[in-house]
Structures are given as C-alpha cells and as structure tokens.
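Trainee: Structure incoming, see below.
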Number of protein chains: 2
Amino acid sequence: MNEELNDLMTVLRFASVSTNSAQAADVRACADWLVTKFESLGLSVALHETPGYPVILARNAHVPGRRTVLIYGHYDVQPAEPMNEWKSPAFEPTIRDGRIYCRGSTDNKGQFMAHLRGIEEILAKEGKLPVNLIFLIEGEEEIGSPNLRSFLETHRDELKCDVVAISDTGMVAQGVGTFTYGLRGIACMEVRVKGPTIDLHSGIFGGAVANPNTMVARLAATMHDSEGRVTIPGFYEGVKDLQDWEREAWMSLGDSEPETLELTGAPELFGEAGFHERERRWARPTAEINGIGGGYQGPGSKTVIPREAMMKISFRLVPSQNPERILDLAEAHFLAHKPTGVTLEIIRGHTGPSYVMDPHSAFGKAAQRALAATFGGKTALIREGGSIPIVQAFQEVLGVDTLLLGLALPDSQLHAPNENFSIQCFHDGVRLSQALLHELAL
Amino acid sequence: MNEELNDLMTVLRFASVSTNSAQAADVRACADWLVTKFESLGLSVALHETPGYPVILARNAHVPGRRTVLIYGHYDVQPAEPMNEWKSPAFEPTIRDGRIYCRGSTDNKGQFMAHLRGIEEILAKEGKLPVNLIFLIEGEEEIGSPNLRSFLETHRDELKCDVVAISDTGMVAQGVGTFTYGLRGIACMEVRVKGPTIDLHSGIFGGAVANPNTMVARLAATMHDSEGRVTIPGFYEGVKDLQDWEREAWMSLGDSEPETLELTGAPELFGEAGFHERERRWARPTAEINGIGGGYQGPGSKTVIPREAMMKISFRLVPSQNPERILDLAEAHFLAHKPTGVTLEIIRGHTGPSYVMDPHSAFGKAAQRALAATFGGKTALIREGGSIPIVQAFQEVLGVDTLLLGLALPDSQLHAPNENFSIQCFHDGVRLSQALLHELAL
C-alpha cells in the first residue's frame, strides 16, 4: 500500500451518508477525523455547527497582499444502495486494477484529499504555502448544501478570498487536464399520488377506483414527448444556444457517442431531439424520474391496488432557468394533468442554479497553466451535466469565480454501485493542487 | 375467548405465505396441523405432495347412493406487507369489536375452518355426516394453484363428486346470505424495462440515455385511455352484456356506489366509461398495475437513472376471454409500444379463466335453501370481481359446478393490512355448512 493513500483510505471508511439520518454518527465521525488531520498540518481549524452537519474551516496564517484561495470539498457521500451490486463492501476501500473502490472515493473524498495531500507536500518541502489558504469542507453537498449559503453569509468577512478551487467534476480521460467552466443547476420534486385510504384487493375492487400506480405512470408520461423533449409549458423559456467557441472546443474533443454508449451500456442513446448527446448532457435542461414506486415489488405477485404511489423527479437546469420557477411550472403542469380519482401531494426538494464562468479570465488562465504543467498536452474546456449549487453561492455571496478542476474519470461510477477513484488521478491531483497554488500566487 | 374459535386462532398463527419461499416452513407446518385436526375428527386423511405445497384430502366413509360433496379451501395466505400498517401483528390473531384481525382470517382460513367446525358439530350431534364428504385443502391458491389442476386430473376417480362447495367469496352485508354464481378470471404479467447496464448519475448522464423509470411509466400509460377503458387491441373481443335477470338481481341490491366509496376511501370512483361501478367490478375485464418500481424510493433524494424499472400487471377476465390469449395481446401491445432506448423483458405469471354457473340449477336451489335457512330474508345473487381459478378446473376436470357461499364482509380487507374476519360470520358459517350438507343430502 502506497503510504500517500493512508489518509484517504481512513476517510473512505466513514459511511458519511448525509441523506440518511441513521448514519449521522458516521458523518460526524468523518468531520472529527478531518479536524484532527488539519491540526496535524499546523493549520488553524474550526468545526462550525450548522442546523445540519458541521462545516470545517482550516487556514494558514494569512499574509496581507497575497492572493487568498478557498479550496472547497465535501465529506458527505451518496447512499450506497443497492448494496448487493457492490463487488466489494461499499465502505471498505478496496484496490483493484489501480482503482480504489468505495462509496465517496471520487465524490468527493478522493478529490479533496488530493488537495489536502498537495498542501501537506508543499508544507513539507517549503515550510509554508504560497497563498493565503482557506480550506472549507462541508457535510451536506449530497442533500443540496441547505446550510452552506447562510454559512457563507454569516462568515462573509472571514471567507473573503480571490478565487475558489474545487475538484468535484470530471476529466474527459485519464491524463487529460480538464477545466469545467459550467455546471447545470438542479431542482427536485416528489409527487405522491393518493387514491383509496387502504390497499385494496385488485380482484374485488379492480374497475371501481383509480389505481395510483396507473395514475402516477400516466402523470409521469406527460413530462416528455416521444422524442425526449420536456413538455412542461415554459420549461425551455430563455434557454440559449451554445456560443461558437464552446461548440468548437467541444467538437475538438471528438465524438462522445461511442464512449457514452460504452460507459452506460444502454442499448442506444436517447434524448431531446435535435441535439448531440454531449450538448444534451452539458447544456440542455432535463427532467429525470430518479425513483418511481407503488404497490407490490417483491417476488411473485400480489393482486393489490395500493393506496399511494410516488415519483421523485430532478430537473437539471441551464443558464436563464430559475430553479424555483421551474418547480412552479412543474407543479402547475402536474396539477393541470391530475388524473381522475386521485389526489396529488407535491413536495419540493432542494434546488441550485446553474453556473457558467469565463475560462479565459485571469484566474481561468492560471488554472489552465496549472493543468498544462501537471498533465501536459491540450487542456479540455468543458461544461458538465451535474450540479454543485455551492458554486453559484460562492459567486453570489463572496463575489468570486470557481475553478472546477476535476479528477473524476468517465467510468468512476459516481452515485452508482462500485464507485471508484483512479490512484493515478489521486497522484495527479496532488501535483495539480501544488501547481495551482503556485500559479495563483502573485 | 369462545372455545369454538380455538382451532381457528391456532391455524391463523401459521405465517403460511405461499409466494415467499422464505416462509415455506410455516406453510408446511400449517398443513401438518390440519392433518392432525382431521384425524382427530375420525376422518381418513392424506397429505399429498405436489411440486409445490401439499394438498390435504380428508373424507368420511363413503356410502354408495349418497350425494358426494367436495368442500374446498386453501391454507396459504397473501403476503402481509406493508407490515407497519397493521394495527396488531399480522400473524397474531387479535380480537377487536367482534372481528379477528390476522392475515388469512377471512382469506381463507376463517371460512374453511367454519366448514370444518360445522362438520365437527354434525359428527358430535349425529355421529355421521348426511353426505359423502371430500374435504380438499390446498396451499397454493394465492399463487394461482399451479399444481391443483394436475392433482385433480391424477386423482380424478378418488375426487369424483356431485358438487363442490367453497366459502372464499363475499357477502353483500353482515347477515345477508349471498350466493356468488360468477367470478372473474385472471392473467398476470411482469414487464421489465431495461436501459443502461449500471445505475447512472442523472446529472452527468441525464439527457444522454432513456430512463427506465420514465419508459416504464410511458408504457404503463398506454394501457388505458383517460376514461379507464383498456386500450390493448382485442382486449374486449367477445365480451358479452349482462342478461336481464342478472341486471335485475343486481339492481335489487341497491346502489353500491356509496358503499364502495366508503370501503375504499377513494376521493371518487373511477373506471371504464359507460358502466356502473358494480358491473365494472363483477362483469367487466380490467388491467391493474399491482406494482411499479424503479430507482431510488427511500427517504430524501438520490439523483440516479436506474438500469431497470418494472411493473407487475394483473388482468381480470370475464367469460369469453381466454387468459393466454389476453397475455398474447398484452405482450404484442407492449412490444408495439416499446419505447426507444430500452429493451423489454416480459414475464408471464399465473392465469385462471373466469367462471359463471346457473344459480337456478338443482344444486343452486339447494344452496339457496341452505342460505335462507341460515340467514333468513332474501338471498343475494351476485358475481364477484376476484378469481378462484380452481373453480374452472373443478368444472373442466370433475365436470361439476361449484357453490360459492362466501362469508367475507365488504370491509374484511382481504389482501390488505388489517385483514379481519367477523366472529358472527364464523358462527353463521358453521351453521351454513351444516344446513348445506343436509340440503344436499338426497
């Protein structure tokens, strides 16, 4: 075992699933371990309580006149279900073929731990950092960072900085330095379809009442047309076309279809008519049903009409789409299509706006130099389909851009069973972090 | 505790769920207990193994020239899930307000145990039964009696009888003798919709591939029109209108809508346009989604595109509809509507044809006399929406009609949490069984 990986392996063993309150103790234990780790580096560190999980802030002694860089990460992870699809235990980091398999290995523990290691190496070699550092690690990113914006507002002065750096996005391929200058936003919603007050025998009562399973399906089917366009009125209002330089930068990456087909294993690609699959993922809004359920789902059959069925939806949003406005439109759409014989309960979930920065700004160019120094070759300029709502908050509250310098590979299987992090990416990340801090120093 | 109920309480404690192989030992233990019970009554009893759960046959000493009556019951029960909705444990019979709450209390343990008790009482009073009795109890009714037809065929001579009697249907109200002369058939199917080979992050991949959750919903939504008619081509082929005497008999029962609204708690009734809700339940075919599921259904949110989603469907059928033909039509319909970007796996489940007999036949009239003697007043002549596939097998293999003399009340909550059996119905059933055997005796 590479000694450089020891700390990462330790952090990965905490089952810090923020969406499941049963795992609260694991989330907090992970935070406590990080505090101790930062202290051991000689940084001043504080664990700030929030209404949810704590935010950790670590900093060096700031010197006036130097650039101040905020590095962000999150120590919480997605749920690991379905557990039986993991080839090794979800919370026991296991190395196979140069990858560390574990929930959170890429998203985000492996990536922020590369920065932490990079800082540790600069301190070991140089005795001090070339910039004023603020290292902020939160524990609620996977549930939409509900308390981070108010934390930023409350600690605005303490968090004043020139730029933010985050590694929580992807690389187009192993060894290709990748700069993500845009992210989609998100807006979540759950729709519960309620019929009878008790589960009914579908022989005795079938034909008499609306079946919530059927009705949730009918409602779900109103969300898209047969060519994958979202049919919620107003959904695409104000959505802009790509700029020419973006289209060219993306074209230079080659055709993504074969890779996406291979990564997903889908029988064919499918999505909004009229757009290339890369544009659909990076620059077009979507409506995905993340969960649908009602009635009997076990082995065999059970002839029941359930009293309730539900679907969980997440919308991915692009610039000009306001998340709350999208939820308003979706709610109005579902109410307008409410099937006969059932009632609807609509529950709004977390939201976060989309984000786009200019990769040709001064900080953008510094990041590109650090990427070139680490990886060589041409840096890929991309957007991504995922959401990091906090990036928008950094812009709005602290007034700074975020450099998204991701270390995830296309097959890292984020949010899925067998999530993994390339050990090479970890080593590259450790070097990138050092190069970045030096490039950002005045 | 009423001593008359002791045996029933014992039988109810066996968690004899036939669809779940984890409960196989409970199913067998229940069968073993019944064998011992029949032996204690001085009947000759045999436990016949099948490829699934055993069939129990008990009989008295048959006397040539007497009528032979076969009483049928089933000792297996539906799954009890969702467990957390039971007000008392699902397999611990609990008496509240004159009802016994337990899975299987009405369906079917309470009802066949009333016949067993009736026979016990005749034997105690008269020393012998007025007919040649064959008491057949199987353990696979809730999974469609897959082995009973071949059992009847193999034991055709041994099972030769004049008529079958079953209490596994409903009464229109407490104290109203009810004769069910028709049942709907059933045909089950599961449709699995498969997309990517792994669960995907819906931010990273949303827009690139078809989402199985969305596609199972779109497929489900093709099964009915907005007014509740089944849209599978050919589904209603040959379905006949009610006869005049049936329509009159049903009208005489009064308007069922208020009662069905109250029993179901549905916000309103809904079903095939152009038919009264009673006719929709008793004499019209239906397509119900008993289960739908895919993706994340736990608390909070998980932004995933699952690799698979599924729906479990049961069709209820009326005379002239062939179950296998209906499954053929459904399969063709789903394949014709297969959404882009996914593949379908269609799994056929159990089937059973519908059944209608003439309630004005000689045996029908004998049953009506027994009902009148037990309950007084006017006997309700009804059909029911549920399915007892074995009734058709009795007709086809043994060449006899079945008298369906049910003891379930409309709010017995069969197949649902808090299933219950009225103690008054049990007592009435004990008397009905005795009256019936005397009326059927030559």
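Residues are named by chain letter and number: chains run A, B, ... in the order of the structure tokens, numbers start at 1 in each chain, and ligands are numbered from 1 in the order shown.
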Name the residues of range 363-397 of chain A that come out as alpha helix (DSSP H) in a backbone DSSP run; write them as a count of residues only.
Mentor: 18
Trainee: Would you pick out the contacts of range 143-152 of chain A at 6 Å or less, using only C-alpha atoms, so that residues sharing its chain but fewer than 3 positions from it are not included, and give the list as a PDB file with N, CA and C atoms, in the first residue's frame?
Mentor:
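This went into selection_34.pdb:
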ATOM      1  N   GLU A 140     -22.896  18.414   3.635  1.00  0.00           N
ATOM      2  CA  GLU A 140     -24.288  18.342   3.165  1.00  0.00           C
ATOM      3  C   GLU A 140     -24.417  18.564   1.664  1.00  0.00           C
ATOM      4  N   HIS A 155     -20.270  34.158   7.617  1.00  0.00           N
ATOM      5  CA  HIS A 155     -18.810  34.223   7.736  1.00  0.00           C
ATOM      6  C   HIS A 155     -18.173  34.939   6.539  1.00  0.00           C
ATOM      7  N   ARG A 156     -18.943  35.837   5.943  1.00  0.00           N
ATOM      8  CA  ARG A 156     -18.517  36.511   4.723  1.00  0.00           C
ATOM      9  C   ARG A 156     -17.111  37.131   4.860  1.00  0.00           C
ATOM     10  N   HIS A 350     -34.604  20.021  -2.881  1.00  0.00           N
ATOM     11  CA  HIS A 350     -33.558  21.038  -2.947  1.00  0.00           C
ATOM     12  C   HIS A 350     -33.384  21.576  -4.374  1.00  0.00           C
ATOM     13  N   ALA A 393     -23.357  29.962  -5.098  1.00  0.00           N
ATOM     14  CA  ALA A 393     -23.333  30.719  -3.837  1.00  0.00           C
ATOM     15  C   ALA A 393     -21.992  31.431  -3.652  1.00  0.00           C
TER      16      ALA A 393
END
Trainee: Using only C-alpha atoms, what does the table of range 323-343 of chain A residues within 12 Å of range 180-185 of chain A look like, with each row giving the shortest atom pair and its distance in Å to one decimal, sorted by chain and ascending number, as a tab-separated table?
Mentor:
residue	atom	partner	partner_atom	distance
A:Pro323	CA	A:Gly185	CA	7.4
A:Glu324	CA	A:Gly185	CA	11.1
A:Ile326	CA	A:Gly185	CA	10.9
Trainee: Which residues are near Ala220 in chain B? Cut-off 9 Å, only C-alpha atoms, ignore same chain within fewer than 5 positions. Put them as a ChimeraX atom specification.
Mentor: /A:213-214,217-218,221 /B:215,289,311,334
Trainee: Got a sec: who's within 10 Å of His48 in chain A, counting only C-alpha atoms, leaving out chain neighbours fewer than 3 positions off, as number ranges by chain?
Mentor: A: 45, 53-57, 138, 151
Trainee: Limited to N, CA and C atoms, could you put the picked residues into a file as a CSV table (one decimal), in the first residue's frame?
Mentor:
chain,number,residue,atom,x,y,z
A,45,VAL,N,-7.8,25.4,12.6
A,45,VAL,CA,-9.0,24.7,12.1
A,45,VAL,C,-10.2,24.9,13.1
A,53,TYR,N,-25.2,19.3,9.3
A,53,TYR,CA,-23.8,18.8,9.6
A,53,TYR,C,-22.8,19.9,9.6
A,54,PRO,N,-21.7,19.8,10.4
A,54,PRO,CA,-20.8,20.9,10.5
A,54,PRO,C,-20.0,21.2,9.3
A,55,VAL,N,-19.6,22.4,9.2
A,55,VAL,CA,-18.6,22.9,8.2
A,55,VAL,C,-17.3,23.0,8.8
A,56,ILE,N,-16.2,22.5,8.2
A,56,ILE,CA,-14.9,22.6,8.7
A,56,ILE,C,-14.1,23.7,7.9
A,57,LEU,N,-13.5,24.6,8.6
A,57,LEU,CA,-12.7,25.6,8.0
A,57,LEU,C,-11.3,25.5,8.5
A,138,GLU,N,-17.6,20.8,3.7
A,138,GLU,CA,-18.9,20.7,4.3
A,138,GLU,C,-19.4,19.2,4.2
A,151,PHE,N,-24.2,29.9,5.9
A,151,PHE,CA,-22.8,29.9,6.5
A,151,PHE,C,-21.9,30.9,5.8
Trainee: From the options B:Gly377, B:Gly429, B:Gly341, B:Pro212, which residue's atoms come nearest to chain A, counting only C-alpha atoms?
Mentor: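 Ranked by minimum distance to chain A, first place goes to B:Gly341.
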Trainee: Extract, using only C-alpha atoms, all DNA, RNA and protein residues at most 10 Å from Ala408 in chain A, discarding same-chain residues fewer than 6 positions from it, and format them as a VMD selection string.
Mentor: chain A and resid 105 to 108 110 to 111 167 to 174 178 414 420 to 422 425 to 426
Trainee: Go ahead and save the picked residues with C-alpha atoms, as a PDB file, in the first residue's frame.
Mentor:
ATOM      1  CA  SER A 105     -13.850   7.548  -3.396  1.00  0.00           C
ATOM      2  CA  THR A 106     -14.312  10.002  -6.278  1.00  0.00           C
ATOM      3  CA  ASP A 107     -17.291  12.012  -4.992  1.00  0.00           C
ATOM      4  CA  ASN A 108     -15.706  13.764  -3.186  1.00  0.00           C
ATOM      5  CA  GLY A 110     -10.573  11.247  -3.108  1.00  0.00           C
ATOM      6  CA  GLN A 111     -10.568  14.640  -4.792  1.00  0.00           C
ATOM      7  CA  SER A 167     -12.139  19.275  -7.605  1.00  0.00           C
ATOM      8  CA  ASP A 168     -15.568  17.665  -7.804  1.00  0.00           C
ATOM      9  CA  THR A 169     -16.023  17.310 -11.556  1.00  0.00           C
ATOM     10  CA  GLY A 170     -14.690  15.060 -14.304  1.00  0.00           C
ATOM     11  CA  MET A 171     -11.752  14.640 -16.649  1.00  0.00           C
ATOM     12  CA  VAL A 172     -12.531  13.803 -20.243  1.00  0.00           C
ATOM     13  CA  ALA A 173      -9.998  10.968 -19.998  1.00  0.00           C
ATOM     14  CA  GLN A 174      -7.161   9.742 -17.793  1.00  0.00           C
ATOM     15  CA  THR A 178      -9.835  19.221 -17.780  1.00  0.00           C
ATOM     16  CA  LEU A 414     -20.362   8.285  -9.111  1.00  0.00           C
ATOM     17  CA  ASN A 420     -14.058   4.117  -7.780  1.00  0.00           C
ATOM     18  CA  PHE A 421     -11.160   6.576  -7.903  1.00  0.00           C
ATOM     19  CA  SER A 422      -8.064   6.123 -10.031  1.00  0.00           C
ATOM     20  CA  CYS A 425      -5.773  10.622 -10.675  1.00  0.00           C
ATOM     21  CA  PHE A 426      -5.044  10.955  -6.976  1.00  0.00           C
TER      22      PHE A 426
END
Trainee: Can you pull out every residue within 9 Å of range 11-24 of chain A, counting only C-alpha atoms, but drop anything in the same chain fewer than 5 positions away, and send it as a PyMOL selection string?
Mentor: (chain A and resi 6+29-30+33-34+53+75-80+90-93+102-105+109-110+113+139-143) or (chain B and resi 298-302)
Trainee: Convert the current residue selection to file output with N, CA and C atoms, as a compact mmCIF listing (two decimals), in the first residue's frame.
Mentor:
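Generated file (part25.txt):
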# COMPACT_ATOMS: atom_id res chain seq x y z
N ASN A 6 -2.79 6.46 2.70
CA ASN A 6 -3.30 6.04 4.01
C ASN A 6 -4.45 6.90 4.52
N ALA A 29 -18.33 11.58 12.66
CA ALA A 29 -17.01 10.99 12.92
C ALA A 29 -16.02 11.36 11.82
N CYS A 30 -16.53 11.42 10.59
CA CYS A 30 -15.67 11.81 9.47
C CYS A 30 -15.19 13.25 9.66
N TRP A 33 -12.51 13.46 12.30
CA TRP A 33 -11.20 12.98 11.85
C TRP A 33 -10.49 14.06 11.03
N LEU A 34 -11.24 14.76 10.18
CA LEU A 34 -10.64 15.80 9.33
C LEU A 34 -10.09 16.95 10.17
N TYR A 53 -25.17 19.25 9.31
CA TYR A 53 -23.83 18.75 9.62
C TYR A 53 -22.81 19.90 9.60
N TYR A 75 -17.40 16.19 2.68
CA TYR A 75 -17.07 14.90 3.28
C TYR A 75 -18.28 13.97 3.36
N ASP A 76 -19.46 14.44 2.93
CA ASP A 76 -20.62 13.54 2.89
C ASP A 76 -20.67 12.83 1.54
N VAL A 77 -21.39 11.71 1.49
CA VAL A 77 -21.47 10.89 0.27
C VAL A 77 -22.91 10.51 -0.02
N GLN A 78 -23.14 10.02 -1.22
CA GLN A 78 -24.45 9.49 -1.63
C GLN A 78 -24.74 8.18 -0.88
N PRO A 79 -26.02 7.80 -0.78
CA PRO A 79 -26.33 6.45 -0.27
C PRO A 79 -25.64 5.40 -1.16
N ALA A 80 -25.37 4.24 -0.58
CA ALA A 80 -24.65 3.20 -1.34
C ALA A 80 -25.59 2.18 -1.98
N ALA A 90 -19.21 -1.49 0.26
CA ALA A 90 -19.34 -0.10 -0.17
C ALA A 90 -18.49 0.85 0.66
N PHE A 91 -18.24 0.51 1.92
CA PHE A 91 -17.48 1.41 2.77
C PHE A 91 -16.16 0.80 3.26
N GLU A 92 -15.66 -0.17 2.52
CA GLU A 92 -14.34 -0.71 2.78
C GLU A 92 -13.52 -0.49 1.51
N PRO A 93 -12.67 0.55 1.49
CA PRO A 93 -11.92 0.86 0.27
C PRO A 93 -11.08 -0.33 -0.17
N CYS A 102 -14.89 2.39 -3.52
CA CYS A 102 -15.55 2.73 -2.25
C CYS A 102 -16.56 3.83 -2.53
N ARG A 103 -17.69 3.83 -1.82
CA ARG A 103 -18.61 4.97 -1.93
C ARG A 103 -17.88 6.23 -1.46
N GLY A 104 -17.88 7.26 -2.27
CA GLY A 104 -17.23 8.53 -1.93
C GLY A 104 -15.79 8.61 -2.41
N SER A 105 -15.27 7.55 -3.01
CA SER A 105 -13.85 7.55 -3.40
C SER A 105 -13.56 8.68 -4.38
N LYS A 109 -14.39 12.47 -1.60
CA LYS A 109 -13.28 12.32 -0.67
C LYS A 109 -11.92 12.22 -1.37
N GLY A 110 -11.85 11.41 -2.41
CA GLY A 110 -10.57 11.25 -3.11
C GLY A 110 -10.05 12.56 -3.66
N MET A 113 -9.09 15.11 -0.79
CA MET A 113 -7.92 14.58 -0.09
C MET A 113 -6.65 14.75 -0.94
N GLY A 139 -20.53 19.02 4.92
CA GLY A 139 -21.07 17.66 5.05
C GLY A 139 -22.48 17.51 4.52
N GLU A 140 -22.90 18.41 3.63
CA GLU A 140 -24.29 18.34 3.17
C GLU A 140 -24.42 18.56 1.66
N GLU A 141 -23.35 18.31 0.93
CA GLU A 141 -23.41 18.58 -0.51
C GLU A 141 -24.40 17.65 -1.20
N GLU A 142 -24.45 16.41 -0.76
CA GLU A 142 -25.30 15.42 -1.44
C GLU A 142 -26.78 15.62 -1.13
N ILE A 143 -27.09 16.49 -0.19
CA ILE A 143 -28.50 16.85 0.03
C ILE A 143 -28.74 18.31 -0.36
N GLY B 298 -36.20 5.54 -1.32
CA GLY B 298 -36.00 5.77 0.10
C GLY B 298 -36.24 7.22 0.48
N PRO B 299 -35.89 7.57 1.71
CA PRO B 299 -36.06 8.96 2.14
C PRO B 299 -35.08 9.87 1.40
N GLY B 300 -35.42 11.13 1.33
CA GLY B 300 -34.53 12.10 0.67
C GLY B 300 -34.49 11.87 -0.83
N SER B 301 -33.41 12.28 -1.45
CA SER B 301 -33.32 12.14 -2.90
C SER B 301 -32.01 11.46 -3.27
N LYS B 302 -32.02 10.81 -4.40
CA LYS B 302 -30.80 10.25 -4.97
C LYS B 302 -30.90 10.45 -6.46
Trainee: Please compute the CA of Thr402 in chain A-CA of Met189 in chain A distance, one decimal, in Å.
Mentor: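 Pair CA of Thr402 in chain A / CA of Met189 in chain A returns 27.5 Å.
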Trainee: Per DSSP on the backbone, filter range 87-244 of chain A down to the residues in strand (DSSP E) and report them as a VMD selection string.
Mentor: chain A and resid 94 to 96 99 to 101 132 to 138 163 to 166 178 to 183 185 to 194 200 to 201
Trainee: Find the distance between CA of Gln434 in chain A and CA of Glu126 in chain A and write it in Å to one decimal.
Mentor: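 Computed distance, CA of Gln434 in chain A to CA of Glu126 in chain A, equals 11.1 Å.
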Trainee: Measuring between only C-alpha atoms, which one of B:Pro267, B:Gly406, B:Pro89, B:Gly203 shows the shortest distance to Ile388 in chain A?
Mentor: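 The answer is B:Gly203, which sits nearest to Ile388 in chain A.
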Trainee: Looking at B:Lys312, B:Arg96, B:His74, B:His115, which one is nearest to chain A, with distances taken over only C-alpha atoms?
Mentor: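 Among B:Lys312, B:Arg96, B:His74, B:His115, it is B:Lys312 that comes nearest to chain A.
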Trainee: Have a look at A:Leu41, A:Cys188, A:Ala58, A:Ala46 and name the one nearest to chain B; count only C-alpha atoms.
Mentor: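 Closest candidate: A:Cys188.
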Trainee: So which one's closest to Leu403 in chain B, B:Leu344, B:Ile166, B:Ala124, B:Met83? Using only C-alpha atoms, please.
Mentor: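 So, comparing all the options, the nearest one is B:Ile166.
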Trainee: Using only C-alpha atoms, which of A:Asp97, A:Asp401, A:Glu81, A:Asp26 sits nearest chain B?
Mentor: A:Glu81
